[in-house]
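Here's query.csv, which has CSV, C-alpha atoms and all ligand atoms:
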chain,number,residue,atom,x,y,z
L,1,MET,CA,104.3,127.2,104.7
L,2,LYS,CA,101.6,124.6,104.3
L,3,ILE,CA,101.0,122.0,106.9
L,4,GLY,CA,98.9,118.9,106.3
L,5,ILE,CA,96.9,116.9,108.8
L,6,LEU,CA,95.1,113.6,108.6
L,7,ASN,CA,93.3,111.3,111.1
L,8,SER,CA,94.0,107.6,110.6
L,9,GLY,CA,92.7,104.5,112.3
L,10,GLY,CA,89.7,104.2,114.5
L,11,ASP,CA,88.1,107.5,115.5
L,12,CYS,CA,88.0,108.7,119.1
L,13,PRO,CA,86.6,111.7,120.9
L,14,GLY,CA,89.0,114.7,120.8
L,15,LEU,CA,90.2,114.4,117.1
L,16,ASN,CA,88.4,117.6,116.2
L,17,ALA,CA,90.1,119.3,119.2
L,18,VAL,CA,93.5,118.4,117.7
L,19,ILE,CA,92.4,119.9,114.3
L,20,HIS,CA,91.2,123.0,116.2
L,21,GLY,CA,94.6,123.3,117.9
L,22,VAL,CA,96.5,122.8,114.6
L,23,VAL,CA,94.4,125.3,112.7
L,24,GLY,CA,94.6,127.9,115.5
L,25,ALA,CA,98.3,127.7,116.0
L,26,ALA,CA,99.1,127.5,112.3
L,27,ASP,CA,97.0,130.5,111.6
L,28,GLN,CA,99.0,132.6,114.1
L,29,LEU,CA,102.1,131.7,112.1
L,30,GLY,CA,100.4,132.7,108.8
L,31,TRP,CA,100.5,129.1,107.6
L,32,GLU,CA,97.8,127.3,105.6
L,33,VAL,CA,96.4,124.0,106.8
L,34,ILE,CA,95.4,121.2,104.4
L,35,GLY,CA,93.2,118.6,105.9
L,36,PHE,CA,93.4,115.2,104.1
L,37,ARG,CA,90.2,113.2,104.1
L,38,ASP,CA,89.8,109.6,105.2
L,39,GLY,CA,93.3,109.1,106.6
L,40,PHE,CA,96.2,108.4,104.3
L,41,GLU,CA,93.8,107.6,101.5
L,42,GLY,CA,93.3,111.4,101.0
L,43,LEU,CA,97.0,111.6,99.9
L,44,LEU,CA,96.4,109.5,96.9
L,45,PRO,CA,96.3,111.4,93.6
L,46,PRO,CA,94.5,113.6,92.8
L,47,GLY,CA,94.3,114.2,96.6
L,48,ASN,CA,91.2,114.4,98.7
L,49,PHE,CA,91.6,117.4,100.9
L,50,THR,CA,90.1,120.6,102.2
L,51,VAL,CA,91.8,123.8,103.2
L,52,LEU,CA,91.1,124.5,106.9
L,53,ARG,CA,90.9,128.1,108.1
L,54,PRO,CA,89.8,129.1,111.6
L,55,LYS,CA,86.3,129.9,110.4
L,56,ASP,CA,86.0,126.3,109.1
L,57,THR,CA,86.7,124.9,112.6
L,58,ILE,CA,84.3,127.0,114.6
L,59,GLY,CA,82.3,124.7,116.9
L,60,ILE,CA,84.2,121.5,116.2
L,61,LEU,CA,86.0,121.4,119.6
L,62,LYS,CA,82.9,119.9,121.2
L,63,MET,CA,82.1,117.4,118.4
L,64,GLY,CA,82.9,113.7,118.5
L,65,GLY,CA,84.3,111.9,115.5
L,66,THR,CA,86.4,113.8,113.0
L,67,ILE,CA,85.4,116.3,110.4
L,68,LEU,CA,88.2,114.8,108.1
L,69,GLY,CA,87.0,111.2,108.3
L,70,SER,CA,89.3,108.3,109.1
L,71,THR,CA,89.8,104.7,108.2
L,72,ASN,CA,91.8,101.7,109.5
L,73,LYS,CA,91.6,100.0,106.1
L,74,GLY,CA,92.9,100.9,102.7
L,75,HIS,CA,96.3,101.2,101.0
L,76,PHE,CA,98.2,102.3,104.1
L,77,ALA,CA,96.8,99.9,106.7
L,78,ALA,CA,99.4,98.6,109.1
L,79,LYS,CA,98.9,95.8,111.6
L,80,VAL,CA,98.7,97.0,115.1
L,81,GLY,CA,101.0,96.3,118.0
L,82,LYS,CA,102.8,93.2,119.2
L,83,GLY,CA,105.6,93.3,116.6
L,84,ASP,CA,103.4,93.0,113.5
L,85,ILE,CA,104.7,95.7,111.3
L,86,ALA,CA,103.4,96.1,107.7
L,87,GLU,CA,105.3,98.2,105.2
L,88,VAL,CA,103.4,100.3,102.8
L,89,PRO,CA,104.4,99.4,99.2
L,90,ASN,CA,106.9,101.8,97.5
L,91,GLU,CA,104.5,102.6,94.6
L,92,ILE,CA,101.8,103.8,97.0
L,93,VAL,CA,104.3,105.9,99.0
L,94,ALA,CA,105.6,107.5,95.8
L,95,ARG,CA,102.1,108.4,94.6
L,96,ALA,CA,101.2,109.9,97.9
L,97,LYS,CA,104.4,111.9,98.0
L,98,GLN,CA,103.6,113.3,94.6
L,99,THR,CA,100.4,114.8,96.1
L,100,MET,CA,102.4,116.3,99.0
L,101,ASP,CA,104.8,117.8,96.6
L,102,ASP,CA,102.2,119.1,94.2
L,103,LEU,CA,100.4,120.9,97.0
L,104,GLY,CA,103.7,122.1,98.6
L,105,VAL,CA,103.0,120.6,102.0
L,106,GLY,CA,106.0,121.1,104.2
L,107,ALA,CA,104.9,119.2,107.2
L,108,LEU,CA,102.4,116.4,107.7
L,109,VAL,CA,100.7,115.8,111.1
L,110,ILE,CA,99.5,112.2,111.5
L,111,VAL,CA,96.9,111.7,114.2
L,112,GLY,CA,96.7,108.0,114.8
L,113,GLY,CA,97.3,105.0,117.0
L,114,ASP,CA,100.1,102.5,116.9
L,115,GLY,CA,99.5,101.2,113.4
L,116,SER,CA,99.1,104.6,111.8
L,117,LEU,CA,102.2,106.0,113.6
L,118,THR,CA,104.2,102.9,112.4
L,119,THR,CA,103.2,103.9,108.9
L,120,GLY,CA,104.3,107.5,109.8
L,121,LEU,CA,107.7,106.2,110.9
L,122,GLN,CA,108.2,104.4,107.6
L,123,LEU,CA,107.3,107.6,105.7
L,124,TYR,CA,109.6,109.7,107.9
L,125,ARG,CA,112.5,107.2,107.3
L,126,GLU,CA,111.8,107.7,103.6
L,127,GLY,CA,112.3,111.5,104.0
L,128,TRP,CA,108.8,112.8,104.7
L,129,PRO,CA,108.4,115.7,107.2
L,130,ILE,CA,106.2,113.7,109.6
L,131,ILE,CA,104.9,114.7,113.1
L,132,GLY,CA,102.9,112.2,115.0
L,133,VAL,CA,100.0,112.8,117.4
L,134,PRO,CA,99.0,109.8,119.5
L,135,LYS,CA,95.3,108.9,119.5
L,136,THR,CA,93.4,106.0,121.0
L,137,ILE,CA,90.7,105.4,123.5
L,138,ASP,CA,92.7,102.4,124.7
L,139,ASN,CA,95.4,104.6,126.3
L,140,ASP,CA,97.9,101.9,125.6
L,141,LEU,CA,100.8,103.8,123.9
L,142,SER,CA,104.0,103.5,126.0
L,143,ALA,CA,105.5,106.9,125.2
L,144,THR,CA,102.6,109.0,126.4
L,145,ALA,CA,101.0,108.9,129.9
L,146,PHE,CA,97.6,109.8,128.3
L,147,THR,CA,95.9,109.8,125.0
L,148,PHE,CA,92.8,112.0,124.3
L,149,GLY,CA,89.7,109.9,123.9
L,150,PHE,CA,90.4,107.7,126.9
L,151,ASP,CA,88.7,110.0,129.4
L,152,SER,CA,85.6,110.2,127.2
L,153,ALA,CA,85.5,106.4,126.8
L,154,VAL,CA,85.9,105.9,130.6
L,155,SER,CA,83.0,108.4,131.2
L,156,THR,CA,80.8,106.3,128.9
L,157,VAL,CA,81.7,103.2,130.9
L,158,VAL,CA,80.9,104.9,134.2
L,159,ASP,CA,77.5,106.1,132.8
L,160,ALA,CA,76.7,102.6,131.7
L,161,LEU,CA,77.7,101.1,135.1
L,162,ASP,CA,75.5,103.7,136.9
L,163,ARG,CA,72.6,102.5,134.8
L,164,LEU,CA,73.4,98.8,135.1
L,165,HIS,CA,73.7,99.2,138.9
L,166,THR,CA,70.1,100.2,139.4
L,167,THR,CA,68.5,97.6,137.2
L,168,GLY,CA,70.9,94.9,138.6
L,169,GLU,CA,69.9,95.8,142.1
L,170,SER,CA,66.2,95.8,141.3
L,171,HIS,CA,66.4,92.2,140.0
L,172,LYS,CA,69.2,90.9,142.2
L,173,ARG,CA,71.1,90.0,139.1
L,174,VAL,CA,74.8,89.7,138.1
L,175,MET,CA,75.4,92.3,135.4
L,176,VAL,CA,78.3,91.8,133.1
L,177,LEU,CA,79.6,94.8,131.0
L,178,GLU,CA,82.1,94.2,128.2
L,179,VAL,CA,84.2,97.2,127.3
L,180,MET,CA,86.8,98.0,124.7
L,181,GLY,CA,90.6,98.4,125.1
L,182,ARG,CA,92.1,95.7,122.9
L,183,HIS,CA,95.1,94.1,124.7
L,184,ALA,CA,95.1,96.7,127.5
L,185,GLY,CA,92.8,96.8,130.6
L,186,TRP,CA,92.9,100.6,131.2
L,187,ILE,CA,89.3,101.3,130.1
L,188,ALA,CA,88.0,98.4,132.2
L,189,LEU,CA,90.0,99.3,135.2
L,190,TRP,CA,89.4,103.0,135.3
L,191,GLY,CA,85.8,102.7,134.3
L,192,GLY,CA,85.2,99.8,136.7
L,193,ILE,CA,86.7,101.7,139.7
L,194,ALA,CA,84.9,104.9,138.9
L,195,GLY,CA,81.6,103.2,138.1
L,196,GLY,CA,81.6,101.1,141.3
L,197,ALA,CA,82.1,97.7,139.7
L,198,ASN,CA,82.6,94.8,142.0
L,199,VAL,CA,84.6,92.6,139.6
L,200,VAL,CA,87.0,93.8,136.9
L,201,LEU,CA,88.6,91.3,134.5
L,202,ILE,CA,91.5,92.5,132.4
L,203,PRO,CA,93.8,91.1,129.8
L,204,GLU,CA,96.9,91.6,131.9
L,205,MET,CA,95.6,89.4,134.8
L,206,PRO,CA,94.5,85.8,134.2
L,207,PHE,CA,91.3,85.2,136.1
L,208,SER,CA,89.5,82.2,137.6
L,209,LEU,CA,85.7,82.2,137.3
L,210,GLU,CA,85.5,79.9,140.3
L,211,LYS,CA,87.1,82.7,142.3
L,212,VAL,CA,84.6,85.2,140.9
L,213,ARG,CA,81.8,82.7,141.8
L,214,ASP,CA,83.1,82.6,145.4
L,215,PHE,CA,83.2,86.4,145.5
L,216,ILE,CA,79.6,86.6,144.3
L,217,ASN,CA,78.4,84.0,146.8
L,218,GLN,CA,80.2,85.8,149.6
L,219,ARG,CA,78.5,89.1,148.6
L,220,ASP,CA,75.2,87.3,148.6
L,221,ALA,CA,75.9,86.0,152.1
L,222,GLN,CA,76.6,89.6,153.1
L,223,GLY,CA,73.3,90.8,151.8
L,224,TYR,CA,74.5,92.3,148.5
L,225,HIS,CA,72.4,90.4,146.0
L,226,SER,CA,73.6,92.2,142.8
L,227,THR,CA,77.1,92.2,141.4
L,228,LEU,CA,78.6,94.4,138.7
L,229,VAL,CA,81.3,92.7,136.5
L,230,VAL,CA,83.4,94.6,134.0
L,231,VAL,CA,85.3,92.5,131.5
L,232,ALA,CA,87.7,93.9,129.0
L,233,GLU,CA,87.2,92.7,125.4
L,234,GLY,CA,90.9,91.5,125.3
L,235,ALA,CA,90.8,89.5,128.5
L,236,ARG,CA,91.3,85.7,127.9
L,237,MET,CA,88.9,83.1,129.1
L,238,PRO,CA,90.5,80.9,131.8
L,239,ASP,CA,91.2,78.3,129.1
L,240,GLY,CA,93.3,80.9,127.3
L,241,ASP,CA,90.7,81.6,124.7
L,242,LEU,CA,90.8,85.1,123.2
L,243,VAL,CA,87.2,85.8,122.1
L,244,THR,CA,87.0,87.4,118.7
L,245,LEU,CA,84.3,88.3,116.2
L,246,ASP,CA,86.3,87.2,113.2
L,247,SER,CA,89.3,85.1,112.3
L,248,ASN,CA,92.5,86.3,114.2
L,249,GLU,CA,94.7,84.8,111.6
L,250,GLY,CA,97.1,87.0,109.7
L,251,GLY,CA,96.7,90.5,111.1
L,252,GLU,CA,94.1,92.7,112.6
L,253,PHE,CA,91.0,91.1,114.0
L,254,ARG,CA,88.0,92.3,115.9
L,255,LEU,CA,87.6,91.4,119.6
L,256,GLY,CA,84.3,90.9,121.2
L,257,GLY,CA,82.0,88.3,122.8
L,258,ILE,CA,83.7,87.6,126.1
L,259,GLY,CA,81.0,89.4,128.0
L,260,ASP,CA,78.4,86.8,126.9
L,261,ARG,CA,80.8,84.0,127.6
L,262,VAL,CA,81.6,85.2,131.1
L,263,ALA,CA,77.9,85.9,131.9
L,264,ALA,CA,76.8,82.4,130.8
L,265,LYS,CA,79.5,80.7,132.8
L,266,LEU,CA,78.8,82.8,135.9
L,267,GLN,CA,75.1,82.0,135.7
L,268,GLU,CA,76.0,78.3,135.5
L,269,LEU,CA,78.4,78.5,138.5
L,270,THR,CA,76.4,80.8,140.8
L,271,GLY,CA,72.8,79.9,139.8
L,272,LYS,CA,72.1,83.6,139.8
L,273,GLU,CA,70.3,85.3,136.9
L,274,THR,CA,73.0,87.0,134.9
L,275,ARG,CA,72.8,89.4,132.0
L,276,ALA,CA,75.5,90.7,129.7
L,277,CYS,CA,75.8,94.1,127.9
L,278,THR,CA,78.4,95.1,125.4
L,279,LEU,CA,79.1,98.8,125.3
L,280,GLY,CA,81.0,98.6,121.9
L,281,HIS,CA,81.3,101.8,119.8
L,282,LEU,CA,79.3,103.9,122.2
L,283,GLN,CA,82.7,104.3,123.9
L,284,ARG,CA,84.2,105.8,120.7
L,285,GLY,CA,81.3,108.2,119.8
L,286,GLY,CA,79.9,111.3,121.2
L,287,ALA,CA,81.3,114.6,122.5
L,288,PRO,CA,84.7,114.6,124.1
L,289,THR,CA,85.0,115.4,127.8
L,290,ALA,CA,86.6,118.7,128.9
L,291,LEU,CA,89.8,116.9,129.6
L,292,ASP,CA,90.0,115.3,126.1
L,293,ARG,CA,89.1,118.7,124.5
L,294,ILE,CA,92.0,120.4,126.3
L,295,LEU,CA,94.5,117.5,125.7
L,296,GLY,CA,93.6,117.2,122.0
L,297,MET,CA,93.9,121.0,121.5
L,298,ARG,CA,97.3,121.1,123.3
L,299,PHE,CA,98.5,118.1,121.2
L,300,GLY,CA,97.5,120.0,118.1
L,301,VAL,CA,99.3,123.2,119.2
L,302,MET,CA,102.5,121.2,120.0
L,303,ALA,CA,102.4,119.5,116.6
L,304,VAL,CA,102.6,123.0,115.0
L,305,LYS,CA,105.4,124.0,117.3
L,306,LEU,CA,107.4,120.9,116.3
L,307,ALA,CA,106.8,121.7,112.6
L,308,GLU,CA,107.9,125.3,113.2
L,309,ALA,CA,111.1,124.0,114.8
L,310,GLY,CA,111.6,121.5,112.0
L,311,SER,CA,111.5,118.6,114.5
L,312,PHE,CA,110.2,115.9,112.3
L,313,GLY,CA,110.0,112.2,113.1
L,314,ARG,CA,108.7,113.1,116.6
L,315,MET,CA,105.4,112.2,118.3
L,316,VAL,CA,103.6,114.6,120.7
L,317,SER,CA,103.6,113.1,124.2
L,318,TYR,CA,102.0,113.9,127.5
L,319,GLN,CA,104.3,113.3,130.5
L,320,SER,CA,104.2,114.7,134.1
L,321,TYR,CA,101.6,117.4,133.3
L,322,HIS,CA,103.5,118.6,130.3
L,323,VAL,CA,102.9,118.2,126.6
L,324,ASP,CA,106.3,117.5,125.0
L,325,SER,CA,107.5,115.1,122.3
L,326,VAL,CA,109.5,111.9,121.8
L,327,PRO,CA,111.0,110.2,118.7
L,328,ILE,CA,108.2,108.2,116.9
L,329,GLU,CA,110.5,105.2,116.8
L,330,ASP,CA,110.6,105.1,120.6
L,331,ALA,CA,106.8,105.3,120.7
L,332,VAL,CA,105.5,102.7,118.3
L,333,ASN,CA,105.0,99.0,118.8
L,334,GLN,CA,105.3,99.1,122.5
L,335,LEU,CA,102.1,98.7,124.4
L,336,ARG,CA,101.7,100.2,127.8
L,337,LEU,CA,99.8,97.6,129.8
L,338,VAL,CA,98.3,97.5,133.3
L,339,GLU,CA,100.9,96.3,135.7
L,340,PRO,CA,99.3,93.7,138.1
L,341,GLN,CA,101.3,94.9,141.0
L,342,SER,CA,100.8,98.6,140.3
L,343,GLU,CA,99.5,101.0,142.9
L,344,LEU,CA,96.3,101.4,140.8
L,345,VAL,CA,95.5,97.6,140.9
L,346,LEU,CA,96.4,97.4,144.6
L,347,ALA,CA,94.1,100.4,145.3
L,348,ALA,CA,91.3,98.6,143.5
L,349,LYS,CA,91.9,95.5,145.5
L,350,ALA,CA,92.1,97.6,148.7
L,351,VAL,CA,88.5,98.8,148.2
L,352,GLY,CA,87.3,95.3,147.7
L,353,ILE,CA,87.3,95.0,143.9
L,354,CYS,CA,87.8,91.4,142.7
L,355,LEU,CA,90.1,91.0,139.8
L,356,GLY,CA,89.6,87.2,139.6
L,357,ASP,CA,93.2,86.4,140.4
J,401,LIG,O1,91.7,100.8,119.3
J,401,LIG,C1,90.4,101.4,119.5
J,401,LIG,C2,89.3,100.4,119.5
J,401,LIG,O2,88.1,101.0,119.8
J,401,LIG,C3,89.5,99.1,120.3
J,401,LIG,O3,89.3,99.4,121.7
J,401,LIG,C4,88.6,98.1,119.6
J,401,LIG,O4,89.0,96.8,119.8
J,401,LIG,C5,88.8,98.5,118.2
J,401,LIG,O5,89.2,99.9,118.1
J,401,LIG,C6,87.5,98.4,117.4
J,401,LIG,O6,87.8,98.7,116.1
J,401,LIG,P1,86.7,98.8,114.9
J,401,LIG,O7,86.0,100.1,115.1
J,401,LIG,O8,87.5,98.6,113.7
J,401,LIG,O9,85.7,97.7,115.2

Since I need it in another form, could you write the structure as structure tokens?
Amino acid sequence: MKIGILNSGGDCPGLNAVIHGVVGAADQLGWEVIGFRDGFEGLLPPGNFTVLRPKDTIGILKMGGTILGSTNKGHFAAKVGKGDIAEVPNEIVARAKQTMDDLGVGALVIVGGDGSLTTGLQLYREGWPIIGVPKTIDNDLSATAFTFGFDSAVSTVVDALDRLHTTGESHKRVMVLEVMGRHAGWIALWGGIAGGANVVLIPEMPFSLEKVRDFINQRDAQGYHSTLVVVAEGARMPDGDLVTLDSNEGGEFRLGGIGDRVAAKLQELTGKETRACTLGHLQRGGAPTALDRILGMRFGVMAVKLAEAGSFGRMVSYQSYHVDSVPIEDAVNQLRLVEPQSELVLAAKAVGICLGD
């Protein structure tokens, strides 16, 4: 038996832990692992791949990024989330399948986010032996309670807030930190709570900057002259504007810039010196946390178990402290968003965090 693995879409800490898990579990079964390079692109003839043996994966558990490379562009790119489903053309699928057949790959593990798993679902429906492993720092896939990479991203946010806290206090400034997460506010909310932010603005909860101004003024009156604000890149300005770095017409677009917009407006409204900082890809890079290493490894081992059982068309999923699986079709195109009335949001409010609502 040969089992293939590829990483597709944006990278995130823990991808190498999945590879480590797949290679270890496959080796115990006497299977060979073929690692395709640069996502689905590695499947195109003549095939861009490497054979992965346990000795090839020594030391990768602690490494960020992916030893296989990844891409969210190319011949197989699908639009992400919110009902935008792109089909990969038949001719590309046929060419890629030829590589699989030539190599004798009997199962293909796709480690990807919503867009890549949507492509995986198409391939499964066309008869491919697909197993999905969910991956995203955004933690916004509905069919899994956690994705690896999220904890590492949150840790980076917390570290940044700890640093912004001290400089903000020294200068009595408002410090605004823009974080990733696309249409979900998980990174902002978890990072904000753990990092001691005073204000957290997320896509799921429309906010008023006048309310944030009043909150900052109230803090001033109480003797707290510095305020830490976390804003998720996908939050909308009060006028409904989604702040993007490029055109958001016709598909995937890059979010970014809301931190500067919020900071400028808060300085105008409060008269307080305000600075913005965008954390960007620091959240995606670097070594995975212990939790992400373990989760990634367990996901990889489960992927091999599914292949052994011939349970194709399924995605590994983490639910109630167990790693299990769900049909890929139940997992894709459904974002898991922050619920404004959830216990987590109410807890944040209970400790005095302003969500601008
Ligand atoms: O989905 C993961 C993510 O890091 C988002 O949080 C962010 O909006 C996006 O990817 C950035 O993508 P890129 O690396 O293509 O700029």

Interatomic distance (Å, one decimal) between atom CA of L:Thr144 and atom CA of L:Met180: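 It comes out at 19.3 Å.
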
Residues near L:Tyr318, cut-off 10 Å, all atoms listed in the file, skip fewer than 2 positions along chain, as a ChimeraX atom specification: /L:134,143-148,295,298-299,315-316,320-326

For a test of reading the model, state the distance in Å between atom CA of L:Val345 and atom CA of L:Leu161, rounded to one decimal.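 Taking atom CA of L:Val345 as the start and atom CA of L:Leu161 as the end point, the length is 19.0 Å.
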
Within 6 Å of ligand LIG 401 (chain J) (all atoms listed in the file), residues as a JSON list (two decimals) with C-alpha atoms, keeping the file's coordinate frame:
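Written output follows (result_29.json):
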[["chain", "number", "residue", "atom", "x", "y", "z"],
["L", 10, "GLY", "CA", 89.70, 104.20, 114.50],
["L", 136, "THR", "CA", 93.40, 106.00, 121.00],
["L", 137, "ILE", "CA", 90.70, 105.40, 123.50],
["L", 138, "ASP", "CA", 92.70, 102.40, 124.70],
["L", 180, "MET", "CA", 86.80, 98.00, 124.70],
["L", 181, "GLY", "CA", 90.60, 98.40, 125.10],
["L", 182, "ARG", "CA", 92.10, 95.70, 122.90],
["L", 254, "ARG", "CA", 88.00, 92.30, 115.90],
["L", 255, "LEU", "CA", 87.60, 91.40, 119.60]]

Neighbour list for stretch 15-24 of chain L as a ChimeraX atom specification, cut-off 10 Å, only C-alpha atoms, skip fewer than 2 positions in-chain: /L:3-7,11-13,26-29,31-35,51-69,109,111-112,133,135-136,148-149,287-288,292-305

In Å, with one decimal, what is the gap from atom CA of L:Ala347 to atom CA of L:Ile193?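 About the pair atom CA of L:Ala347 and atom CA of L:Ile193: they are 9.4 Å apart.
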
Taking 6 positions as the minimum chain separation for residues in the same chain, which residues sit within 12 Å of L:Glu126 when counting all atoms listed in the file? Answer as a list in words.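 The filter keeps Glu87, Val88, Pro89, Asn90, Val93, Ala94, Lys97, Thr119, Gly120 and Gly313 of chain L.
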
Residue nearest L:Gly195 among L:Arg163, L:Arg261, L:Arg37, L:Arg173 (counting all atoms listed in the file):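 Of L:Arg163, L:Arg261, L:Arg37, L:Arg173, the one nearest L:Gly195 is L:Arg163, counting all atoms listed in the file.
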
For L:Glu329, which residue out of L:Thr99, L:Thr118, L:Thr166, L:Thr50 is the nearest one, using all atoms listed in the file? L:Thr118

Can you tell me, as a list in words, what residues are no more than 12 Å from L:Asp241 when counting all atoms listed in the file, ignoring any on the same chain fewer than 2 positions away?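 Surrounding residues, per the criterion: Pro203, Pro206, Phe207, Glu233, Gly234, Ala235, Arg236, Met237, Pro238, Asp239, Val243, Thr244, Asn248, Leu255, Gly256, Gly257, Ile258, Arg261 and Val262 of chain L.
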
So which one's closest to L:Ala184, L:Leu141, L:Leu355, L:Leu117, L:Val212? Using all atoms listed in the file, please.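 Result for the nearest residue to L:Ala184: L:Leu141.
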
Restricting the calculation to only C-alpha atoms, which member of L:Ala197, L:Val338, L:Ala263, L:Leu123 is positioned closest to L:Arg275?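 Result for the nearest residue to L:Arg275: L:Ala263.
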
Best match for closeness to L:Leu337 among L:Gly106, L:Gly39, L:Gly185, L:Gly132, counting only C-alpha atoms: L:Gly185

With distances taken over only C-alpha atoms, which residue among L:Trp186, L:Trp128, L:Phe312, L:Phe215 lies nearest L:Met100?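 Closest to L:Met100, using only C-alpha atoms: L:Trp128.
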
Subset file: stretch 59-75 of chain L, N, CA and C atoms, as a PDB file, in the first residue's frame:
ATOM      1  N   GLY L  59      12.795  15.140  13.683  1.00  0.00           N
ATOM      2  CA  GLY L  59      12.963  16.558  14.037  1.00  0.00           C
ATOM      3  C   GLY L  59      11.948  17.507  13.435  1.00  0.00           C
ATOM      4  N   ILE L  60      11.015  16.993  12.616  1.00  0.00           N
ATOM      5  CA  ILE L  60      10.096  17.940  11.967  1.00  0.00           C
ATOM      6  C   ILE L  60       8.918  18.325  12.869  1.00  0.00           C
ATOM      7  N   LEU L  61       8.672  17.523  13.908  1.00  0.00           N
ATOM      8  CA  LEU L  61       7.523  17.775  14.786  1.00  0.00           C
ATOM      9  C   LEU L  61       7.533  19.210  15.313  1.00  0.00           C
ATOM     10  N   LYS L  62       8.698  19.713  15.610  1.00  0.00           N
ATOM     11  CA  LYS L  62       8.797  21.035  16.229  1.00  0.00           C
ATOM     12  C   LYS L  62       8.926  22.172  15.218  1.00  0.00           C
ATOM     13  N   MET L  63       8.931  21.815  13.937  1.00  0.00           N
ATOM     14  CA  MET L  63       9.158  22.858  12.924  1.00  0.00           C
ATOM     15  C   MET L  63       7.864  23.484  12.416  1.00  0.00           C
ATOM     16  N   GLY L  64       7.865  24.799  12.233  1.00  0.00           N
ATOM     17  CA  GLY L  64       6.729  25.475  11.613  1.00  0.00           C
ATOM     18  C   GLY L  64       6.736  25.218  10.108  1.00  0.00           C
ATOM     19  N   GLY L  65       5.766  25.794   9.411  1.00  0.00           N
ATOM     20  CA  GLY L  65       5.695  25.622   7.960  1.00  0.00           C
ATOM     21  C   GLY L  65       5.421  24.171   7.603  1.00  0.00           C
ATOM     22  N   THR L  66       5.806  23.768   6.407  1.00  0.00           N
ATOM     23  CA  THR L  66       5.647  22.374   5.994  1.00  0.00           C
ATOM     24  C   THR L  66       6.815  21.959   5.128  1.00  0.00           C
ATOM     25  N   ILE L  67       7.362  20.805   5.394  1.00  0.00           N
ATOM     26  CA  ILE L  67       8.504  20.325   4.590  1.00  0.00           C
ATOM     27  C   ILE L  67       8.067  20.006   3.163  1.00  0.00           C
ATOM     28  N   LEU L  68       6.740  19.907   2.930  1.00  0.00           N
ATOM     29  CA  LEU L  68       6.254  19.574   1.580  1.00  0.00           C
ATOM     30  C   LEU L  68       5.934  20.810   0.749  1.00  0.00           C
ATOM     31  N   GLY L  69       5.887  21.986   1.385  1.00  0.00           N
ATOM     32  CA  GLY L  69       5.462  23.183   0.658  1.00  0.00           C
ATOM     33  C   GLY L  69       3.955  23.179   0.479  1.00  0.00           C
ATOM     34  N   SER L  70       3.407  24.342   0.197  1.00  0.00           N
ATOM     35  CA  SER L  70       1.956  24.454   0.030  1.00  0.00           C
ATOM     36  C   SER L  70       1.659  25.655  -0.855  1.00  0.00           C
ATOM     37  N   THR L  71       0.454  25.691  -1.389  1.00  0.00           N
ATOM     38  CA  THR L  71       0.051  26.873  -2.158  1.00  0.00           C
ATOM     39  C   THR L  71      -1.459  27.032  -2.096  1.00  0.00           C
ATOM     40  N   ASN L  72      -1.914  28.286  -2.126  1.00  0.00           N
ATOM     41  CA  ASN L  72      -3.358  28.502  -2.250  1.00  0.00           C
ATOM     42  C   ASN L  72      -3.681  29.070  -3.630  1.00  0.00           C
ATOM     43  N   LYS L  73      -2.726  28.862  -4.547  1.00  0.00           N
ATOM     44  CA  LYS L  73      -2.948  29.295  -5.931  1.00  0.00           C
ATOM     45  C   LYS L  73      -2.810  28.057  -6.835  1.00  0.00           C
ATOM     46  N   GLY L  74      -2.770  28.293  -8.133  1.00  0.00           N
ATOM     47  CA  GLY L  74      -2.496  27.188  -9.041  1.00  0.00           C
ATOM     48  C   GLY L  74      -3.731  26.566  -9.650  1.00  0.00           C
ATOM     49  N   HIS L  75      -3.537  25.368 -10.241  1.00  0.00           N
ATOM     50  CA  HIS L  75      -4.588  24.730 -11.046  1.00  0.00           C
ATOM     51  C   HIS L  75      -5.776  24.241 -10.239  1.00  0.00           C
TER      52      HIS L  75
END
